[in-house]
>>> print(open('work-v5.cif').read())   # mmCIF, C-alpha atoms
data_final
#
loop_
_atom_site.group_PDB
_atom_site.id
_atom_site.type_symbol
_atom_site.label_atom_id
_atom_site.label_comp_id
_atom_site.auth_asym_id
_atom_site.auth_seq_id
_atom_site.Cartn_x
_atom_site.Cartn_y
_atom_site.Cartn_z
ATOM 1 C CA MET T 1 -21.295 21.636 -2.894
ATOM 2 C CA GLU T 2 -23.572 18.961 -1.478
ATOM 3 C CA ASP T 3 -21.176 18.101 1.387
ATOM 4 C CA ALA T 4 -20.678 21.716 2.497
ATOM 5 C CA HIS T 5 -22.573 21.053 5.727
ATOM 6 C CA LEU T 6 -19.861 18.526 6.719
ATOM 7 C CA VAL T 7 -16.676 20.339 5.713
ATOM 8 C CA GLU T 8 -14.218 21.738 8.271
ATOM 9 C CA ARG T 9 -12.069 24.715 7.215
ATOM 10 C CA LEU T 10 -8.565 25.596 8.339
ATOM 11 C CA ALA T 11 -8.178 28.576 10.688
ATOM 12 C CA SER T 12 -4.550 28.168 11.830
ATOM 13 C CA ARG T 13 -1.765 25.570 11.859
ATOM 14 C CA GLU T 14 1.003 24.570 14.281
ATOM 15 C CA GLU T 15 3.821 22.095 13.592
ATOM 16 C CA ILE T 16 4.278 19.869 16.644
ATOM 17 C CA LEU T 17 6.985 17.547 15.325
ATOM 18 C CA LYS T 18 9.123 17.350 12.212
ATOM 19 C CA GLY T 19 10.959 14.049 11.919
ATOM 20 C CA LYS T 20 13.003 12.535 9.109
ATOM 21 C CA PHE T 21 9.971 10.663 7.816
ATOM 22 C CA LEU T 22 6.815 12.031 9.459
ATOM 23 C CA GLN T 23 5.422 15.355 10.623
ATOM 24 C CA VAL T 24 2.778 15.994 13.258
ATOM 25 C CA ARG T 25 0.500 19.012 12.991
ATOM 26 C CA ARG T 26 -2.146 20.620 15.166
ATOM 27 C CA ASP T 27 -4.715 22.575 13.159
ATOM 28 C CA THR T 28 -7.459 24.800 14.463
ATOM 29 C CA VAL T 29 -10.516 24.443 12.241
ATOM 30 C CA HIS T 30 -13.893 26.065 11.774
ATOM 31 C CA LEU T 31 -16.596 23.423 12.223
ATOM 32 C CA PRO T 32 -19.701 23.480 9.994
ATOM 33 C CA ASP T 33 -21.599 25.240 12.817
ATOM 34 C CA ALA T 34 -18.835 27.936 13.022
ATOM 35 C CA ARG T 35 -17.378 26.752 16.335
ATOM 36 C CA LEU T 36 -13.620 26.096 16.597
ATOM 37 C CA ALA T 37 -11.977 22.720 17.194
ATOM 38 C CA THR T 38 -8.461 21.252 17.011
ATOM 39 C CA ARG T 39 -7.274 18.409 14.803
ATOM 40 C CA GLU T 40 -3.944 16.664 15.458
ATOM 41 C CA TYR T 41 -2.680 14.450 12.646
ATOM 42 C CA VAL T 42 0.366 12.860 11.036
ATOM 43 C CA VAL T 43 1.567 14.058 7.629
ATOM 44 C CA HIS T 44 2.711 11.072 5.548
ATOM 45 C CA PRO T 45 4.254 11.175 2.028
ATOM 46 C CA GLY T 46 2.086 8.341 0.688
ATOM 47 C CA ALA T 47 2.925 4.762 -0.213
ATOM 48 C CA VAL T 48 2.292 1.893 -2.597
ATOM 49 C CA MET T 49 1.395 -1.750 -2.069
ATOM 50 C CA VAL T 50 1.995 -4.455 -4.658
ATOM 51 C CA ILE T 51 0.108 -7.751 -4.949
ATOM 52 C CA PRO T 52 2.498 -9.905 -7.035
ATOM 53 C CA LEU T 53 0.861 -12.882 -8.767
ATOM 54 C CA LEU T 54 3.291 -15.736 -9.349
ATOM 55 C CA GLN T 55 2.448 -18.480 -11.844
ATOM 56 C CA ALA T 56 5.580 -20.371 -12.845
ATOM 57 C CA GLU T 57 3.999 -21.999 -15.908
ATOM 58 C CA ALA T 58 0.644 -22.360 -17.617
ATOM 59 C CA GLY T 59 -1.721 -24.432 -15.517
ATOM 60 C CA ALA T 60 0.425 -24.198 -12.386
ATOM 61 C CA PRO T 61 -1.356 -23.192 -9.173
ATOM 62 C CA LEU T 62 -1.312 -19.462 -8.527
ATOM 63 C CA ARG T 63 0.915 -18.261 -5.705
ATOM 64 C CA VAL T 64 1.141 -14.734 -4.298
ATOM 65 C CA VAL T 65 4.415 -13.167 -3.164
ATOM 66 C CA MET T 66 4.326 -11.840 0.397
ATOM 67 C CA GLU T 67 6.720 -10.688 3.095
ATOM 68 C CA ARG T 68 7.240 -11.234 6.788
ATOM 69 C CA GLN T 69 8.916 -8.475 8.769
ATOM 70 C CA PHE T 70 9.104 -7.145 12.296
ATOM 71 C CA ARG T 71 7.042 -3.995 12.850
ATOM 72 C CA TYR T 72 8.511 -2.184 15.817
ATOM 73 C CA PRO T 73 5.491 -0.054 16.912
ATOM 74 C CA ILE T 74 3.396 -3.177 17.604
ATOM 75 C CA GLY T 75 6.281 -5.504 18.462
ATOM 76 C CA HIS T 76 5.301 -8.330 16.108
ATOM 77 C CA VAL T 77 6.434 -10.008 12.899
ATOM 78 C CA ILE T 78 3.708 -9.227 10.349
ATOM 79 C CA THR T 79 2.730 -11.061 7.151
ATOM 80 C CA GLU T 80 1.937 -8.511 4.440
ATOM 81 C CA PHE T 81 2.092 -7.645 0.762
ATOM 82 C CA PRO T 82 5.218 -5.787 -0.433
ATOM 83 C CA ALA T 83 4.874 -2.054 0.175
ATOM 84 C CA GLY T 84 6.844 1.115 0.686
ATOM 85 C CA LYS T 85 6.673 4.886 0.855
ATOM 86 C CA LEU T 86 7.032 7.329 -2.004
ATOM 87 C CA ASP T 87 10.259 9.223 -2.458
ATOM 88 C CA PRO T 88 9.842 12.995 -3.033
ATOM 89 C CA GLY T 89 8.496 13.609 -6.540
ATOM 90 C CA GLU T 90 8.414 9.899 -7.383
ATOM 91 C CA ASP T 91 5.800 8.517 -9.779
ATOM 92 C CA LEU T 92 3.503 5.963 -8.136
ATOM 93 C CA TRP T 93 4.100 3.229 -10.711
ATOM 94 C CA VAL T 94 7.866 3.787 -10.569
ATOM 95 C CA CYS T 95 7.649 3.448 -6.792
ATOM 96 C CA ALA T 96 5.674 0.192 -7.133
ATOM 97 C CA GLN T 97 8.313 -1.261 -9.469
ATOM 98 C CA ARG T 98 11.126 -0.155 -7.198
ATOM 99 C CA GLU T 99 9.605 -1.558 -4.030
ATOM 100 C CA LEU T 100 8.814 -4.913 -5.658
ATOM 101 C CA ARG T 101 12.343 -5.220 -7.033
ATOM 102 C CA GLU T 102 14.158 -4.008 -3.915
ATOM 103 C CA GLU T 103 12.175 -6.018 -1.369
ATOM 104 C CA THR T 104 11.481 -9.264 -3.254
ATOM 105 C CA GLY T 105 13.899 -9.321 -6.204
ATOM 106 C CA TYR T 106 11.015 -9.806 -8.657
ATOM 107 C CA ARG T 107 10.370 -7.762 -11.779
ATOM 108 C CA ALA T 108 6.956 -7.840 -13.461
ATOM 109 C CA ALA T 109 6.046 -7.867 -17.161
ATOM 110 C CA GLU T 110 2.522 -6.536 -16.555
ATOM 111 C CA TRP T 111 1.022 -4.080 -14.100
ATOM 112 C CA ALA T 112 -2.469 -2.939 -13.155
ATOM 113 C CA HIS T 113 -3.541 -0.133 -10.843
ATOM 114 C CA ALA T 114 -6.360 -1.339 -8.594
ATOM 115 C CA GLY T 115 -7.182 1.732 -6.520
ATOM 116 C CA ARG T 116 -6.292 3.767 -3.477
ATOM 117 C CA MET T 117 -6.958 3.381 0.219
ATOM 118 C CA HIS T 118 -6.666 5.746 3.182
ATOM 119 C CA PRO T 119 -5.746 3.529 6.136
ATOM 120 C CA LEU T 120 -5.844 6.099 8.949
ATOM 121 C CA VAL T 121 -8.363 8.766 7.980
ATOM 122 C CA ALA T 122 -8.897 10.054 11.533
ATOM 123 C CA TYR T 123 -5.279 11.057 12.190
ATOM 124 C CA SER T 124 -3.069 10.743 9.109
ATOM 125 C CA THR T 125 -2.828 12.029 5.535
ATOM 126 C CA GLU T 126 -1.430 8.656 4.430
ATOM 127 C CA PHE T 127 -2.725 7.056 1.250
ATOM 128 C CA ILE T 128 -1.688 3.717 -0.228
ATOM 129 C CA ASP T 129 -1.943 3.014 -3.952
ATOM 130 C CA ILE T 130 -2.782 -0.634 -4.666
ATOM 131 C CA TRP T 131 -1.038 -2.300 -7.621
ATOM 132 C CA PHE T 132 -1.147 -5.815 -9.060
ATOM 133 C CA ALA T 133 1.858 -7.308 -10.854
ATOM 134 C CA ARG T 134 2.193 -10.493 -12.913
ATOM 135 C CA GLY T 135 4.616 -12.119 -15.330
ATOM 136 C CA LEU T 136 7.213 -12.182 -12.578
ATOM 137 C CA THR T 137 10.908 -12.810 -13.102
ATOM 138 C CA ALA T 138 13.093 -13.542 -10.080
ATOM 139 C CA GLY T 139 16.250 -11.588 -9.372
ATOM 140 C CA ASP T 140 18.380 -10.223 -6.565
ATOM 141 C CA ARG T 141 16.938 -8.098 -3.789
ATOM 142 C CA ALA T 142 18.351 -4.694 -2.821
ATOM 143 C CA LEU T 143 17.127 -4.092 0.711
ATOM 144 C CA ASP T 144 17.675 -0.749 2.379
ATOM 145 C CA GLU T 145 20.317 -0.563 5.091
ATOM 146 C CA GLY T 146 18.764 -1.821 8.310
ATOM 147 C CA GLU T 147 15.878 -3.552 6.497
ATOM 148 C CA PHE T 148 15.307 -7.229 7.317
ATOM 149 C CA LEU T 149 12.470 -9.296 5.879
ATOM 150 C CA ASP T 150 11.647 -12.761 4.572
ATOM 151 C CA VAL T 151 9.986 -13.276 1.187
ATOM 152 C CA ILE T 152 7.382 -16.054 1.069
ATOM 153 C CA THR T 153 4.663 -17.235 -1.293
ATOM 154 C CA ALA T 154 1.153 -18.344 -0.429
ATOM 155 C CA SER T 155 -1.920 -19.583 -2.224
ATOM 156 C CA PRO T 156 -4.999 -17.315 -2.304
ATOM 157 C CA ALA T 157 -6.769 -19.846 -0.054
ATOM 158 C CA GLU T 158 -3.959 -19.647 2.501
ATOM 159 C CA ILE T 159 -4.088 -15.845 2.489
ATOM 160 C CA LEU T 160 -7.853 -15.861 3.083
ATOM 161 C CA GLN T 161 -7.431 -18.296 5.959
ATOM 162 C CA TRP T 162 -4.698 -16.123 7.504
ATOM 163 C CA CYS T 163 -7.049 -13.134 7.322
ATOM 164 C CA ARG T 164 -9.755 -15.173 9.024
ATOM 165 C CA ASP T 165 -7.627 -16.676 11.805
ATOM 166 C CA GLY T 166 -5.748 -13.476 12.697
ATOM 167 C CA THR T 167 -2.361 -14.386 11.211
ATOM 168 C CA ILE T 168 -2.780 -11.350 8.938
ATOM 169 C CA THR T 169 -3.780 -8.219 10.840
ATOM 170 C CA ASP T 170 -2.159 -5.565 8.624
ATOM 171 C CA GLY T 171 -4.901 -3.268 7.316
ATOM 172 C CA LYS T 172 -3.512 -2.738 3.818
ATOM 173 C CA THR T 173 -3.040 -6.480 3.354
ATOM 174 C CA LEU T 174 -6.614 -7.144 4.480
ATOM 175 C CA ALA T 175 -7.821 -4.582 1.922
ATOM 176 C CA GLY T 176 -5.560 -6.055 -0.751
ATOM 177 C CA THR T 177 -6.947 -9.509 -0.055
ATOM 178 C CA LEU T 178 -10.455 -8.179 -0.725
ATOM 179 C CA TRP T 179 -9.234 -6.965 -4.110
ATOM 180 C CA LEU T 180 -7.490 -10.290 -4.782
ATOM 181 C CA GLN T 181 -10.574 -12.321 -3.866
ATOM 182 C CA ASN T 182 -12.857 -10.283 -6.123
ATOM 183 C CA LEU T 183 -10.363 -10.316 -8.987
ATOM 184 C CA LEU T 184 -9.996 -14.102 -8.891
ATOM 185 C CA SER T 185 -13.769 -14.613 -8.652
ATOM 186 C CA GLY T 186 -14.331 -12.452 -11.722
ATOM 187 C CA ALA T 187 -16.419 -9.916 -9.792
ATOM 188 C CA TRP T 188 -13.841 -7.153 -10.328
ATOM 189 C CA SER T 189 -11.536 -6.562 -13.279
ATOM 190 C CA LEU T 190 -8.234 -4.798 -13.908
ATOM 191 C CA ASP T 191 -6.746 -2.942 -16.862
ATOM 192 C CA TRP T 192 -3.428 -4.717 -17.362
ATOM 193 C CA LYS T 193 -0.600 -3.009 -19.216
ATOM 194 C CA THR T 194 2.831 -4.269 -20.111
ATOM 195 C CA THR T 195 5.788 -2.568 -18.503
ATOM 196 C CA THR T 196 6.836 -1.151 -21.900
ATOM 197 C CA LYS T 197 3.393 0.286 -22.722
ATOM 198 C CA ARG T 198 2.915 1.781 -19.274
ATOM 199 C CA ALA T 199 6.355 3.373 -19.401
ATOM 200 C CA ALA T 200 5.597 4.867 -22.817
ATOM 201 C CA ALA T 201 2.225 6.166 -21.595
ATOM 202 C CA GLY T 202 3.841 7.730 -18.531
#
>>> encode(input="work-v5.cif", output="structure tokens")
Amino acid sequence: MEDAHLVERLASREEILKGKFLQVRRDTVHLPDARLATREYVVHPGAVMVIPLLQAEAGAPLRVVMERQFRYPIGHVITEFPAGKLDPGEDLWVCAQRELREETGYRAAEWAHAGRMHPLVAYSTEFIDIWFARGLTAGDRALDEGEFLDVITASPAEILQWCRDGTITDGKTLAGTLWLQNLLSGAWSLDWKTTTKRAAAG
């Protein structure tokens, strides 16, 4: 293995905290030079993020569905793309559909998987799957108990400006905006599938 000189190997593990949502572990590892070191990190179940493209009719300007919600750890209302964590055993695409519907009320006729990001590689196992959705139909939201958020729409130009001026600081939304920018420019492409075809394939 060409990266063998970089790999750390588990020696022992200690559970520091087990919460309802997150766990914290302290591992002792063998470094590549055989010395021992400790690694403390958060175990996260994984999540999805959806970038919903809203075009009411042919030729209408493209809008993107976003949310604004208070994020307690940093004490601010954050503008971000719809997202949420995986339930145990849940399929990623099913999770993306569920989160879009529950948080925004929208259902999508077409879906495309863009990729995966690891937002906190130094101290968390968290990954976020990035999905695009289009052919949106509005409906009722079904927010979780204790969940409060506003649904807004913005133009791609507005989103880019918010990234530039610091209105958007959320890491996953910054990464999603990179995907959005390259998709709209034609530099990157997506493999779109209808909801029916993707469900049949799954």
>>> atom_distance(input="work-v5.cif", atom1="CA of Ile78 (chain T)", atom2="CA of Thr169 (chain T)")
7.6 Å
>>> atom_distance(input="work-v5.cif", atom1="CA of Glu15 (chain T)", atom2="CA of Ile128 (chain T)")
23.6 Å
>>> atom_distance(input="work-v5.cif", atom1="CA of Val65 (chain T)", atom2="CA of Ala157 (chain T)")
13.4 Å
>>> resolve_selection(input="work-v5.cif", expression="the PyMOL selection byres ((chain T and resi 141-145) around 6)", output="ChimeraX atom specification")
/T:102-105,140,146-147
>>> closest_residue(input="work-v5.cif", among="T:Gly171, T:Leu178, T:Leu136, T:Leu149", to="Glu57 (chain T)", atoms="only C-alpha atoms")
T:Leu136
>>> residues_around(input="work-v5.cif", residues="Trp111 (chain T)", least_positions_apart="3", cutoff="12 Å", atoms="only C-alpha atoms", output="ChimeraX atom specification")
/T:50-53,92-94,96-97,100,107-108,114,130-136,190-199
